[in-house]
>>> print(open('query-v1.txt').read())   # compact mmCIF, C-alpha atoms
# COMPACT_ATOMS: atom_id res chain seq x y z
CA MET A 1276 131.19 109.66 111.26
CA ASP A 1277 129.13 109.54 114.43
CA VAL A 1278 125.59 108.36 113.75
CA ASN A 1279 124.58 107.63 117.35
CA GLY A 1280 124.36 111.05 119.02
CA PRO A 1281 121.73 111.96 121.66
CA ILE A 1282 119.75 114.18 119.26
CA ILE A 1283 119.57 111.27 116.83
CA GLY A 1284 117.97 109.14 119.55
CA VAL A 1285 115.17 111.66 120.15
CA ILE A 1286 114.51 112.07 116.41
CA GLU A 1287 114.52 108.27 116.11
CA ASN A 1288 111.83 107.93 118.77
CA VAL A 1289 109.62 110.63 117.22
CA VAL A 1290 109.94 109.07 113.76
CA ILE A 1291 109.18 105.58 115.08
CA GLY A 1292 106.12 106.84 116.97
CA PHE A 1293 104.75 108.74 113.98
CA PHE A 1294 105.27 106.05 111.35
CA GLY A 1295 104.00 103.29 113.61
CA PHE A 1296 100.78 105.27 113.88
CA THR A 1297 100.51 105.83 110.12
CA ALA A 1298 101.20 102.13 109.46
CA ILE A 1299 98.13 101.24 111.53
CA ILE A 1300 96.09 103.97 109.79
CA GLY A 1301 97.06 102.61 106.37
CA ALA A 1302 96.13 99.07 107.40
CA LEU A 1303 92.72 100.26 108.63
CA ILE A 1304 92.14 102.12 105.35
CA LEU A 1305 93.03 98.91 103.46
CA VAL A 1306 90.54 96.78 105.39
CA LEU A 1307 87.69 99.29 105.74
CA GLN A 1308 87.59 100.98 102.31
CA LYS A 1309 85.03 99.70 99.82
CA ASN A 1310 86.89 101.15 96.82
CA PRO A 1311 89.83 98.86 95.86
CA VAL A 1312 91.92 101.80 94.56
CA ARG A 1313 91.70 103.55 97.93
CA ALA A 1314 92.47 100.24 99.64
CA ALA A 1315 95.63 99.93 97.50
CA LEU A 1316 96.61 103.48 98.50
CA GLY A 1317 96.09 102.52 102.15
CA LEU A 1318 98.42 99.57 101.54
CA LEU A 1319 100.92 102.02 100.03
CA LEU A 1320 100.76 104.22 103.15
CA SER A 1321 101.32 101.18 105.35
CA MET A 1322 104.27 99.93 103.25
CA VAL A 1323 106.00 103.34 103.21
CA SER A 1324 105.49 103.66 106.98
CA ILE A 1325 107.01 100.22 107.58
CA GLY A 1326 109.96 101.14 105.37
CA MET A 1327 110.46 104.31 107.43
CA LEU A 1328 110.29 102.22 110.62
CA PHE A 1329 113.08 100.00 109.24
CA LEU A 1330 115.17 103.08 108.46
CA ALA A 1331 114.56 104.60 111.90
CA GLU A 1332 115.55 101.35 113.60
CA GLY A 1333 118.87 101.42 111.78
CA ALA A 1334 118.16 98.62 109.30
CA SER A 1335 118.83 100.81 106.29
CA PHE A 1336 119.34 98.05 103.71
CA VAL A 1337 116.04 96.26 104.31
CA GLY A 1338 114.33 99.65 104.66
CA PHE A 1339 115.32 100.73 101.18
CA VAL A 1340 114.54 97.27 99.78
CA GLN A 1341 111.08 97.60 101.37
CA LEU A 1342 110.55 101.02 99.78
CA MET A 1343 111.68 99.84 96.35
CA ILE A 1344 110.07 96.40 96.16
CA TYR A 1345 106.87 96.92 98.12
CA ALA A 1346 106.00 100.59 97.71
CA GLY A 1347 107.53 100.85 94.27
CA ALA A 1348 106.69 97.55 92.61
CA ILE A 1349 104.08 95.45 94.41
CA VAL A 1350 101.57 98.23 95.15
CA ILE A 1351 101.83 99.45 91.54
CA LEU A 1352 101.20 95.85 90.38
CA PHE A 1353 98.10 95.80 92.59
CA LEU A 1354 96.91 99.11 91.13
CA PHE A 1355 97.25 97.69 87.61
CA ALA A 1356 95.32 94.57 88.64
CA VAL A 1357 92.58 96.71 90.19
CA MET A 1358 91.94 98.19 86.75
CA HIS A 1359 90.81 94.74 85.53
CA PHE A 1360 88.07 94.60 88.11
CA PRO A 1361 84.60 96.11 88.11
CA LEU A 1362 83.64 98.31 91.04
CA GLY A 1363 80.59 97.70 93.19
CA ARG A 1364 79.27 94.54 91.61
CA GLN A 1365 78.95 92.41 94.74
CA LYS A 1366 75.27 91.66 94.54
CA ARG A 1367 74.92 88.19 95.96
CA PRO A 1368 74.52 88.28 99.76
CA ARG A 1369 77.07 86.40 101.75
CA LEU A 1370 76.18 83.19 103.55
CA PRO A 1371 74.84 84.54 106.86
CA HIS A 1372 76.89 82.47 109.29
CA MET A 1373 80.24 82.90 107.53
CA ASP A 1374 80.88 86.45 108.72
CA ALA A 1375 80.24 85.46 112.33
CA ILE A 1376 82.63 82.49 112.11
CA GLY A 1377 85.30 84.63 110.49
CA PHE A 1378 84.90 87.38 113.06
CA LEU A 1379 85.18 84.81 115.87
CA GLY A 1380 88.36 83.45 114.31
CA VAL A 1381 89.89 86.92 114.10
CA VAL A 1382 88.94 87.63 117.73
CA VAL A 1383 90.57 84.38 118.90
CA LEU A 1384 93.72 85.15 116.86
CA GLY A 1385 93.83 88.69 118.21
CA ILE A 1386 93.45 87.63 121.84
CA THR A 1387 96.16 84.98 121.42
CA MET A 1388 98.60 87.41 119.86
CA LEU A 1389 97.89 90.12 122.44
CA ILE A 1390 98.52 87.60 125.24
CA ASN A 1391 101.84 86.78 123.59
CA LEU A 1392 102.59 90.49 123.36
CA ALA A 1393 101.87 90.90 127.08
CA LEU A 1394 104.21 87.98 127.83
CA ILE A 1395 106.95 89.64 125.77
CA PHE A 1396 106.37 92.89 127.68
CA GLN A 1397 106.53 91.08 131.02
CA SER A 1398 109.71 89.19 130.14
CA LYS A 1399 111.52 92.50 129.26
CA LEU A 1400 113.14 90.82 126.25
CA LEU A 1401 112.93 94.02 124.23
CA ALA A 1402 113.61 96.48 127.06
CA SER A 1403 117.28 96.91 126.20
CA GLY A 1404 116.49 99.07 123.15
CA PHE A 1405 118.12 99.07 119.77
CA ALA A 1406 121.76 98.23 119.26
CA PRO A 1407 123.97 101.12 118.09
CA ARG A 1408 123.53 101.61 114.40
CA LEU A 1409 126.29 100.91 111.92
CA HIS A 1410 127.30 103.09 109.04
CA PRO A 1411 125.16 101.98 106.06
CA ASN A 1412 128.22 101.02 104.01
CA ILE A 1413 129.41 98.63 106.71
CA GLU A 1414 125.91 97.23 107.22
CA VAL A 1415 125.38 96.48 103.53
CA LYS A 1416 128.86 94.97 103.31
CA ASN A 1417 128.11 92.67 106.25
CA ILE A 1418 124.77 91.64 104.72
CA GLY A 1419 126.43 90.82 101.39
CA LEU A 1420 129.16 88.81 103.09
CA ARG A 1421 126.62 86.83 105.12
CA PHE A 1422 124.53 86.12 102.02
CA MET A 1423 127.60 84.80 100.23
CA ASP A 1424 128.76 82.80 103.24
CA ASP A 1425 126.40 80.73 105.38
CA TRP A 1426 123.13 81.90 103.75
CA ILE A 1427 124.23 80.92 100.25
CA TYR A 1428 121.76 78.05 99.77
CA PRO A 1429 118.63 80.01 100.80
CA PHE A 1430 119.89 82.94 98.69
CA GLU A 1431 120.22 80.75 95.58
CA LEU A 1432 116.90 79.03 96.25
CA ILE A 1433 115.19 82.44 96.23
CA SER A 1434 116.40 82.98 92.67
CA VAL A 1435 114.96 79.60 91.65
CA LEU A 1436 111.69 80.50 93.37
CA LEU A 1437 111.49 83.82 91.53
CA LEU A 1438 112.14 82.09 88.17
CA VAL A 1439 109.40 79.53 88.88
CA GLY A 1440 107.10 82.37 89.95
CA VAL A 1441 107.66 84.28 86.70
CA ILE A 1442 107.01 81.16 84.59
CA ALA A 1443 103.91 80.29 86.62
CA ALA A 1444 102.53 83.82 86.38
CA VAL A 1445 102.91 83.91 82.60
CA TYR A 1446 101.49 80.41 82.17
CA ILE A 1447 98.50 81.01 84.45
CA THR A 1448 97.63 84.36 82.89
CA ARG A 1449 97.82 83.16 79.28
CA GLY A 1450 96.12 79.83 79.92
CA PRO A 1451 97.12 76.31 78.80
CA GLY A 1452 95.44 76.61 75.40
CA HIS A 1453 98.12 78.99 74.13
CA LEU A 1454 100.79 76.32 74.30
CA LYS A 1455 99.13 74.18 71.63
CA ASN A 1456 99.36 76.79 68.86
CA PRO A 1457 102.71 78.52 69.24
CA GLY A 1458 102.85 81.87 67.53
CA GLY A 1459 99.09 82.30 67.52
CA ASP A 1460 98.05 85.17 69.76
CA GLU A 1461 94.38 84.38 70.47
CA MET B 333 110.60 100.65 124.96
CA MET B 334 110.47 101.78 121.33
CA ALA B 335 111.32 98.24 120.27
CA PHE B 336 108.27 96.95 122.12
CA TYR B 337 106.15 99.68 120.51
CA VAL B 338 107.26 98.57 117.05
CA VAL B 339 106.51 94.93 117.85
CA ALA B 340 103.06 95.98 119.10
CA VAL B 341 102.48 97.84 115.81
CA ALA B 342 103.51 94.70 113.91
CA VAL B 343 101.11 92.54 115.94
CA LEU B 344 98.28 94.99 115.23
CA LEU B 345 99.15 94.89 111.52
CA ILE B 346 98.95 91.09 111.54
CA ILE B 347 95.58 91.13 113.33
CA ILE B 348 94.17 93.76 110.94
CA GLY B 349 95.49 91.79 107.96
CA ALA B 350 93.86 88.60 109.24
CA ALA B 351 90.58 90.47 109.64
CA GLY B 352 90.90 91.69 106.05
CA VAL B 353 91.54 88.15 104.76
CA VAL B 354 88.57 86.70 106.61
CA LEU B 355 86.00 89.47 106.40
CA ARG B 356 86.53 91.09 102.99
CA ARG B 357 85.23 89.50 99.78
CA ASN B 358 87.22 91.22 97.02
CA PRO B 359 90.08 88.83 96.04
CA LEU B 360 92.48 91.75 95.46
CA ILE B 361 91.92 93.11 98.94
CA ILE B 362 92.42 89.61 100.36
CA LEU B 363 95.81 89.45 98.58
CA MET B 364 96.72 92.90 99.88
CA SER B 365 95.82 91.83 103.42
CA ILE B 366 98.13 88.83 103.06
CA GLU B 367 100.89 91.26 102.06
CA LEU B 368 100.11 93.29 105.17
CA MET B 369 100.47 90.22 107.40
CA LEU B 370 103.79 89.34 105.73
CA ASN B 371 104.96 92.88 106.41
CA GLY B 372 103.99 92.60 110.06
CA ALA B 373 106.11 89.46 110.32
CA ASN B 374 108.94 91.29 108.56
CA LEU B 375 108.71 94.15 111.04
CA ILE B 376 108.98 91.77 114.01
CA LEU B 377 111.99 90.02 112.43
CA VAL B 378 113.90 93.23 111.77
CA THR B 379 113.06 94.77 115.16
CA VAL B 380 114.19 91.75 117.17
CA ASP B 381 117.24 91.58 114.93
CA ARG B 382 118.12 95.21 115.70
CA VAL B 383 117.67 94.62 119.44
CA SER B 384 119.75 91.45 119.52
CA ASN B 385 122.33 92.98 117.13
CA THR B 386 122.71 90.00 114.84
CA LEU B 387 122.11 90.12 111.11
CA ASP B 388 120.01 86.96 110.76
CA GLY B 389 116.64 88.72 111.05
CA THR B 390 117.59 91.24 108.39
CA LEU B 391 118.74 88.48 106.05
CA PHE B 392 115.54 86.54 106.66
CA ALA B 393 113.44 89.66 106.09
CA THR B 394 115.22 90.35 102.81
CA MET B 395 114.45 86.84 101.60
CA LEU B 396 110.86 87.17 102.82
CA ILE B 397 110.48 90.23 100.58
CA GLY B 398 111.64 88.11 97.62
CA ILE B 399 109.19 85.34 98.52
CA ALA B 400 106.38 87.90 98.84
CA ALA B 401 107.20 89.26 95.37
CA ALA B 402 106.92 85.77 93.84
CA GLU B 403 103.73 85.12 95.81
CA VAL B 404 102.07 88.32 94.66
CA ALA B 405 102.99 87.64 91.01
CA VAL B 406 101.42 84.17 91.07
CA GLY B 407 98.44 85.32 93.16
CA LEU B 408 97.60 88.24 90.90
CA ALA B 409 97.96 86.01 87.83
CA MET B 410 95.49 83.55 89.36
CA VAL B 411 93.04 86.32 90.26
CA VAL B 412 93.19 87.88 86.78
CA ARG B 413 92.74 84.46 85.15
CA ILE B 414 89.76 83.55 87.34
CA PHE B 415 88.26 86.97 86.68
CA ARG B 416 88.51 86.42 82.92
CA ASP B 417 86.29 83.32 83.15
CA GLU B 418 83.92 84.72 85.76
CA PRO B 419 83.82 88.52 85.81
CA VAL B 420 82.69 89.00 89.41
CA ALA B 421 84.97 90.52 92.05
CA ASP B 422 83.65 88.37 94.89
CA VAL B 423 85.29 85.27 96.33
CA ASP B 424 81.91 83.81 97.32
CA ASP B 425 81.06 83.48 93.63
CA TYR B 426 84.18 81.49 92.76
CA HIS B 427 82.95 77.92 93.09
CA THR B 428 84.79 76.05 90.34
CA LEU B 429 88.15 74.37 90.86
CA ASN B 430 88.52 72.54 87.54
CA GLY B 431 91.68 73.34 85.62
>>> encode(input="query-v1.txt", output="structure tokens")
Amino acid sequence: MDVNGPIIGVIENVVIGFFGFTAIIGALILVLQKNPVRAALGLLLSMVSIGMLFLAEGASFVGFVQLMIYAGAIVILFLFAVMHFPLGRQKRPRLPHMDAIGFLGVVVLGITMLINLALIFQSKLLASGFAPRLHPNIEVKNIGLRFMDDWIYPFELISVLLLVGVIAAVYITRGPGHLKNPGGDE
Amino acid sequence: MMAFYVVAVAVLLIIIGAAGVVLRRNPLIILMSIELMLNGANLILVTVDRVSNTLDGTLFATMLIGIAAAEVAVGLAMVVRIFRDEPVADVDDYHTLNG
């Protein structure tokens, strides 16, 4: 099956251009919206756009993982957490100099990263374009083989990290007092 | 050229996420901005991986998604727990660190 025809290349470019734009729009909604629910929906737009960028680049496995884990699980978790929070109760004014220091830090970070971006553009490291895409079956097979081969220790450590994360999340949410009277819920 | 465009989008996402972390005061939005920055890093990894035609960036990005899932679980648990003791959605009002 040929998945690298000339029409595919044009569609790829249009899709990448569109979803790159919507990723930025979603990020701006996240940062600029006062309402946390709308901010979470902006995050959802950004996550879905990034997943579509992965798919258009030919990284289909990580694209679908992005759509399932981020757009499907993490944003929903955020929406549930938003329901615990009151809206519009930020009454105490912020320390006056903190915003200026933070803004200065963001400006310095932004200038540094944009300089790096200009250096990448000048060096033409990315000018060669994307490599020809593989059939998804072959790509997923290669990823699985690599995970079971030379990436086996990081792969297993991720499972340990997730287990520790689950235990820590339950412990932190319930509080240490619950361990002293097992069986007693409150 | 499209690869550079995607990397530029990722850099903008990281800058916007950093602005959200520093300038917003709702702890949930700060966590979401951290997720946005992680996603920008992911996008750079996968894009450079697709240009160089190795699989290492994709593998690293997959593991980064797992790490981000663990991070968001612990972070949200901390935020919900803090909020139970002090029901204000503002990081400037969180001034206790005792266990």
>>> residues_around(input="query-v1.txt", residues="B:Gly389", least_positions_apart="6", cutoff="9 Å", atoms="all atoms listed in the file", output="PyMOL selection string")
chain B and resi 374+376-382
>>> closest_atom_pairs(input="query-v1.txt", of="chain A", to="chain B", cutoff="6 Å", atoms="all atoms listed in the file", output="JSON lines")
{"residue": "A:Val1306", "atom": "CA", "partner": "B:Gly352", "partner_atom": "CA", "distance": 5.1}
{"residue": "A:Gly1377", "atom": "CA", "partner": "B:Val354", "partner_atom": "CA", "distance": 5.5}
{"residue": "A:Val1381", "atom": "CA", "partner": "B:Ala351", "partner_atom": "CA", "distance": 5.7}
{"residue": "A:Gly1385", "atom": "CA", "partner": "B:Ile347", "partner_atom": "CA", "distance": 5.7}
{"residue": "A:Leu1401", "atom": "CA", "partner": "B:Phe336", "partner_atom": "CA", "distance": 5.9}
{"residue": "A:Ala1402", "atom": "CA", "partner": "B:Met333", "partner_atom": "CA", "distance": 5.6}
{"residue": "A:Gly1404", "atom": "CA", "partner": "B:Val383", "partner_atom": "CA", "distance": 5.9}
{"residue": "A:Phe1405", "atom": "CA", "partner": "B:Val383", "partner_atom": "CA", "distance": 4.5}
{"residue": "A:Ala1406", "atom": "CA", "partner": "B:Val383", "partner_atom": "CA", "distance": 5.5}
{"residue": "A:Leu1437", "atom": "CA", "partner": "B:Ala402", "partner_atom": "CA", "distance": 5.5}
{"residue": "A:Gly1440", "atom": "CA", "partner": "B:Ala402", "partner_atom": "CA", "distance": 5.2}
{"residue": "A:Ala1444", "atom": "CA", "partner": "B:Val406", "partner_atom": "CA", "distance": 4.8}
{"residue": "A:Thr1448", "atom": "CA", "partner": "B:Ala409", "partner_atom": "CA", "distance": 5.2}
>>> residues_near_point(input="query-v1.txt", point="(116.2, 102.5, 108.7)", cutoff="12 Å", atoms="only C-alpha atoms", output="PyMOL selection string")
(chain A and resi 1287+1290-1291+1294+1323-1342+1405+1408-1411+1414) or (chain B and resi 375+378-379+382+390)
>>> residues_around(input="query-v1.txt", residues="A:Ala1298", least_positions_apart="2", cutoff="7 Å", atoms="only C-alpha atoms", output="mmCIF file with C-alpha atoms, in the frame of the given file")
data_model
loop_
_atom_site.group_PDB
_atom_site.id
_atom_site.type_symbol
_atom_site.label_atom_id
_atom_site.label_comp_id
_atom_site.auth_asym_id
_atom_site.auth_seq_id
_atom_site.Cartn_x
_atom_site.Cartn_y
_atom_site.Cartn_z
ATOM 1 C CA PHE A 1294 105.270 106.050 111.350
ATOM 2 C CA GLY A 1295 104.000 103.290 113.610
ATOM 3 C CA PHE A 1296 100.780 105.270 113.880
ATOM 4 C CA ILE A 1300 96.090 103.970 109.790
ATOM 5 C CA GLY A 1301 97.060 102.610 106.370
ATOM 6 C CA ALA A 1302 96.130 99.070 107.400
ATOM 7 C CA LEU A 1320 100.760 104.220 103.150
ATOM 8 C CA SER A 1321 101.320 101.180 105.350
ATOM 9 C CA SER A 1324 105.490 103.660 106.980
ATOM 10 C CA ILE A 1325 107.010 100.220 107.580
#
>>> closest_residue(input="query-v1.txt", among="A:Leu1384, A:Leu1420, A:Asn1310, A:Met1343", to="A:Val1357", atoms="only C-alpha atoms")
A:Asn1310
>>> atom_distance(input="query-v1.txt", atom1="atom CA of A:Leu1400", atom2="atom CA of A:Gly1284")
20.1 Å
>>> atom_distance(input="query-v1.txt", atom1="atom CA of A:Tyr1446", atom2="atom CA of A:Ala1348")
20.7 Å
>>> atom_distance(input="query-v1.txt", atom1="atom CA of A:Ile1390", atom2="atom CA of B:Ala373")
16.8 Å
